[in-house]
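Colleague: Would you mind keeping the following structure in view while I ask a few things?
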Amino acid sequence: MFKYLTLCLIFITSTSSAFSKEIKNDWMGSYTLEASGEYEKAASLLVPYMGVGERSEFATLRYAWLNYLQGNFNDAARAYKKAMAQNPRSLDAKLGLTLPLMAQQRWREAMRYIKQVLAQAPLNYTAHSRLLVCEEGLREWQELEKHAKNVAAFYPTDANALVYLARSYAWQDKTLLAKSIYNKVLIRIPSHLEALQFIKNNP
């Protein structure tokens with residue numbers, strides 16, 4: 001009896017070890033393939049883990065991301081929505097979904113999910129940054145101006161919000177204000193091409 005139990009334990013341990021190694025190889029392989037630009041193959045390794053189990057949510061998020069990188073925006077959006085269904089509190093899934101929507105210039109749909117994130121995390125930098133992009137895409141210059149000012153106040157060392165603030169001024173023909181903000185951009189990124197070009201063209 002003892003010999004039988006020992007053999008069973010050895011079999012279970014070796015099987016579990018082999019299974020764990022297979023899982024590890026799949027995940028490592030997926031990252032390796034992504035790094036080499038083979039996004040479709042990288043995504044295919046994750047499909048077996050998307051259905052059930054503790055890895056399902058992360059596998060779904062990775063699968064969505066890899067489809068986004070391939071330009072499969074509708075497939076990516078569906079996968080991100082699946083991840084949202086798996087975990088309705090997931091900020092990653094909501095922010096992820098904005099990527100394929102923005103790539104398709106579906107600005108208002110993207111804004112809806114961004115605002116859901118901001119309702120949960122009001123100072124989330126990624127959400128604010130993507131909202132700036134959407135406001136620019138919709139050419140809502142006054143809203144962009146107001147929002148960019150607020151973001152710049154929260155993140156004073158960051159140049160990104162200042163760039164969008166400068167653009168909002170430029171599109172409203174507030175050239176002097178745009179120049180002053182682009183100069184602030186150059187303090188943070190002295191080689192910023194957009195800021196340098198605008199100042200050069202508006203002496």
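Going by the structure tokens order, chains are called A, B, ..., each with residues numbered from 1, while ligands are numbered from 1 in the order shown.
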Name the residues in contact with stretch 73-88 of chain A at a cut-off of 7 Å, using only C-alpha atoms, excluding same-chain residues fewer than 2 positions from it; report them as a count of residues only.
Modeller: 14
Colleague: Need the shell around stretch 33-45 of chain A: protein/DNA/RNA residues with any atom at most 8 Å away, counting only C-alpha atoms. Skip same-chain ones fewer than 2 positions apart. Format as a CSV table (one decimal) with N, CA and C atoms, in the first residue's frame?
Modeller:
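Generated output (around-v9.csv):
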chain,number,residue,atom,x,y,z
A,26,ASP,N,4.7,28.4,-22.5
A,26,ASP,CA,3.7,29.1,-23.3
A,26,ASP,C,3.7,30.6,-23.0
A,27,TRP,N,3.8,31.0,-21.7
A,27,TRP,CA,3.8,32.4,-21.4
A,27,TRP,C,5.1,33.1,-21.8
A,29,GLY,N,7.1,32.0,-24.2
A,29,GLY,CA,7.0,32.0,-25.6
A,29,GLY,C,6.2,33.1,-26.2
A,30,SER,N,5.1,33.4,-25.5
A,30,SER,CA,4.3,34.5,-26.0
A,30,SER,C,5.0,35.9,-25.9
A,31,TYR,N,5.7,36.1,-24.8
A,31,TYR,CA,6.4,37.3,-24.6
A,31,TYR,C,7.6,37.4,-25.6
A,47,VAL,N,-4.6,31.3,-26.1
A,47,VAL,CA,-6.0,30.9,-26.3
A,47,VAL,C,-6.4,29.9,-25.3
A,48,PRO,N,-5.6,28.8,-25.0
A,48,PRO,CA,-6.0,27.8,-24.1
A,48,PRO,C,-6.3,28.3,-22.7
A,62,ARG,N,-4.0,40.0,-22.4
A,62,ARG,CA,-2.8,39.9,-23.2
A,62,ARG,C,-3.3,39.6,-24.7
A,63,TYR,N,-4.3,38.8,-24.8
A,63,TYR,CA,-4.8,38.5,-26.2
A,63,TYR,C,-5.3,39.7,-26.8
A,66,LEU,N,-2.4,42.0,-27.9
A,66,LEU,CA,-1.7,41.4,-29.1
A,66,LEU,C,-2.5,41.6,-30.4
A,67,ASN,N,-3.8,41.5,-30.2
A,67,ASN,CA,-4.7,41.8,-31.4
A,67,ASN,C,-4.6,43.3,-31.8
A,69,LEU,N,-2.1,45.2,-31.4
A,69,LEU,CA,-0.8,45.4,-32.0
A,69,LEU,C,-0.8,44.9,-33.5
A,70,GLN,N,-1.7,43.9,-33.8
A,70,GLN,CA,-1.8,43.4,-35.2
A,70,GLN,C,-2.7,44.3,-36.0
Colleague: Quick one: residues within 10 Å of A:Phe154, only C-alpha atoms counted, chain neighbours fewer than 5 positions away excluded, as a list in words?
Modeller: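 With the cut-off at 10 Å, the set is Leu123, Tyr125, Ala148, Lys149 and Ala161 of chain A.
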Colleague: If we count only C-alpha atoms and set the cut-off at 10 Å, which residues sit around A:Glu145, ignoring sequence neighbours fewer than 3 positions away in its own chain? Please answer as a PDB file with N, CA and C atoms, in the first residue's frame.
Modeller:
ATOM      1  N   LEU A 132      -7.270  63.649 -23.391  1.00  0.00           N
ATOM      2  CA  LEU A 132      -6.723  64.781 -24.151  1.00  0.00           C
ATOM      3  C   LEU A 132      -6.678  64.455 -25.644  1.00  0.00           C
ATOM      4  N   GLU A 135     -10.232  64.592 -27.042  1.00  0.00           N
ATOM      5  CA  GLU A 135     -10.709  65.975 -27.176  1.00  0.00           C
ATOM      6  C   GLU A 135     -10.076  66.654 -28.385  1.00  0.00           C
ATOM      7  N   GLU A 136      -8.800  66.350 -28.627  1.00  0.00           N
ATOM      8  CA  GLU A 136      -8.157  66.883 -29.830  1.00  0.00           C
ATOM      9  C   GLU A 136      -8.788  66.263 -31.079  1.00  0.00           C
ATOM     10  N   GLU A 140     -12.365  69.749 -29.956  1.00  0.00           N
ATOM     11  CA  GLU A 140     -13.026  70.500 -28.883  1.00  0.00           C
ATOM     12  C   GLU A 140     -11.967  71.350 -28.176  1.00  0.00           C
ATOM     13  N   TRP A 141     -11.593  72.460 -28.816  1.00  0.00           N
ATOM     14  CA  TRP A 141     -10.423  73.216 -28.390  1.00  0.00           C
ATOM     15  C   TRP A 141     -10.590  73.861 -27.023  1.00  0.00           C
ATOM     16  N   GLN A 142     -11.751  74.398 -26.739  1.00  0.00           N
ATOM     17  CA  GLN A 142     -11.953  75.028 -25.437  1.00  0.00           C
ATOM     18  C   GLN A 142     -11.959  73.990 -24.317  1.00  0.00           C
ATOM     19  N   ALA A 148      -6.438  70.372 -20.301  1.00  0.00           N
ATOM     20  CA  ALA A 148      -4.972  70.347 -20.301  1.00  0.00           C
ATOM     21  C   ALA A 148      -4.401  71.200 -19.172  1.00  0.00           C
ATOM     22  N   LYS A 149      -5.028  72.320 -18.890  1.00  0.00           N
ATOM     23  CA  LYS A 149      -4.593  73.168 -17.766  1.00  0.00           C
ATOM     24  C   LYS A 149      -4.672  72.394 -16.450  1.00  0.00           C
ATOM     25  N   ASN A 150      -5.778  71.698 -16.256  1.00  0.00           N
ATOM     26  CA  ASN A 150      -5.962  70.932 -15.025  1.00  0.00           C
ATOM     27  C   ASN A 150      -4.931  69.816 -14.897  1.00  0.00           C
ATOM     28  N   ALA A 161       0.769  67.227 -21.181  1.00  0.00           N
ATOM     29  CA  ALA A 161      -0.411  68.098 -21.052  1.00  0.00           C
ATOM     30  C   ALA A 161      -0.122  69.492 -21.594  1.00  0.00           C
ATOM     31  N   LEU A 162       1.111  69.966 -21.411  1.00  0.00           N
ATOM     32  CA  LEU A 162       1.473  71.290 -21.926  1.00  0.00           C
ATOM     33  C   LEU A 162       1.428  71.324 -23.452  1.00  0.00           C
ATOM     34  N   TYR A 164      -0.591  69.603 -25.356  1.00  0.00           N
ATOM     35  CA  TYR A 164      -1.999  69.691 -25.745  1.00  0.00           C
ATOM     36  C   TYR A 164      -2.583  71.066 -25.417  1.00  0.00           C
ATOM     37  N   LEU A 165      -2.115  71.671 -24.338  1.00  0.00           N
ATOM     38  CA  LEU A 165      -2.563  73.030 -24.013  1.00  0.00           C
ATOM     39  C   LEU A 165      -2.093  74.004 -25.089  1.00  0.00           C
ATOM     40  N   ALA A 166      -0.840  73.869 -25.499  1.00  0.00           N
ATOM     41  CA  ALA A 166      -0.301  74.741 -26.555  1.00  0.00           C
ATOM     42  C   ALA A 166      -1.091  74.540 -27.862  1.00  0.00           C
ATOM     43  N   ARG A 167      -1.399  73.299 -28.194  1.00  0.00           N
ATOM     44  CA  ARG A 167      -2.173  73.038 -29.416  1.00  0.00           C
ATOM     45  C   ARG A 167      -3.563  73.674 -29.331  1.00  0.00           C
ATOM     46  N   SER A 168      -4.179  73.588 -28.162  1.00  0.00           N
ATOM     47  CA  SER A 168      -5.510  74.186 -28.015  1.00  0.00           C
ATOM     48  C   SER A 168      -5.456  75.689 -28.244  1.00  0.00           C
ATOM     49  N   TYR A 169      -4.411  76.331 -27.752  1.00  0.00           N
ATOM     50  CA  TYR A 169      -4.248  77.769 -27.980  1.00  0.00           C
ATOM     51  C   TYR A 169      -3.992  78.057 -29.453  1.00  0.00           C
ATOM     52  N   GLN A 172      -6.983  77.960 -31.558  1.00  0.00           N
ATOM     53  CA  GLN A 172      -7.883  79.082 -31.274  1.00  0.00           C
ATOM     54  C   GLN A 172      -7.254  80.429 -31.649  1.00  0.00           C
TER      55      GLN A 172
END
Colleague: So that I can check the surroundings of A:Ala159, please list as a count of residues only every protein, DNA and RNA residue that reaches within 12 Å of it, counting only C-alpha atoms and ignoring chain neighbours fewer than 3 positions away.
Modeller: 28
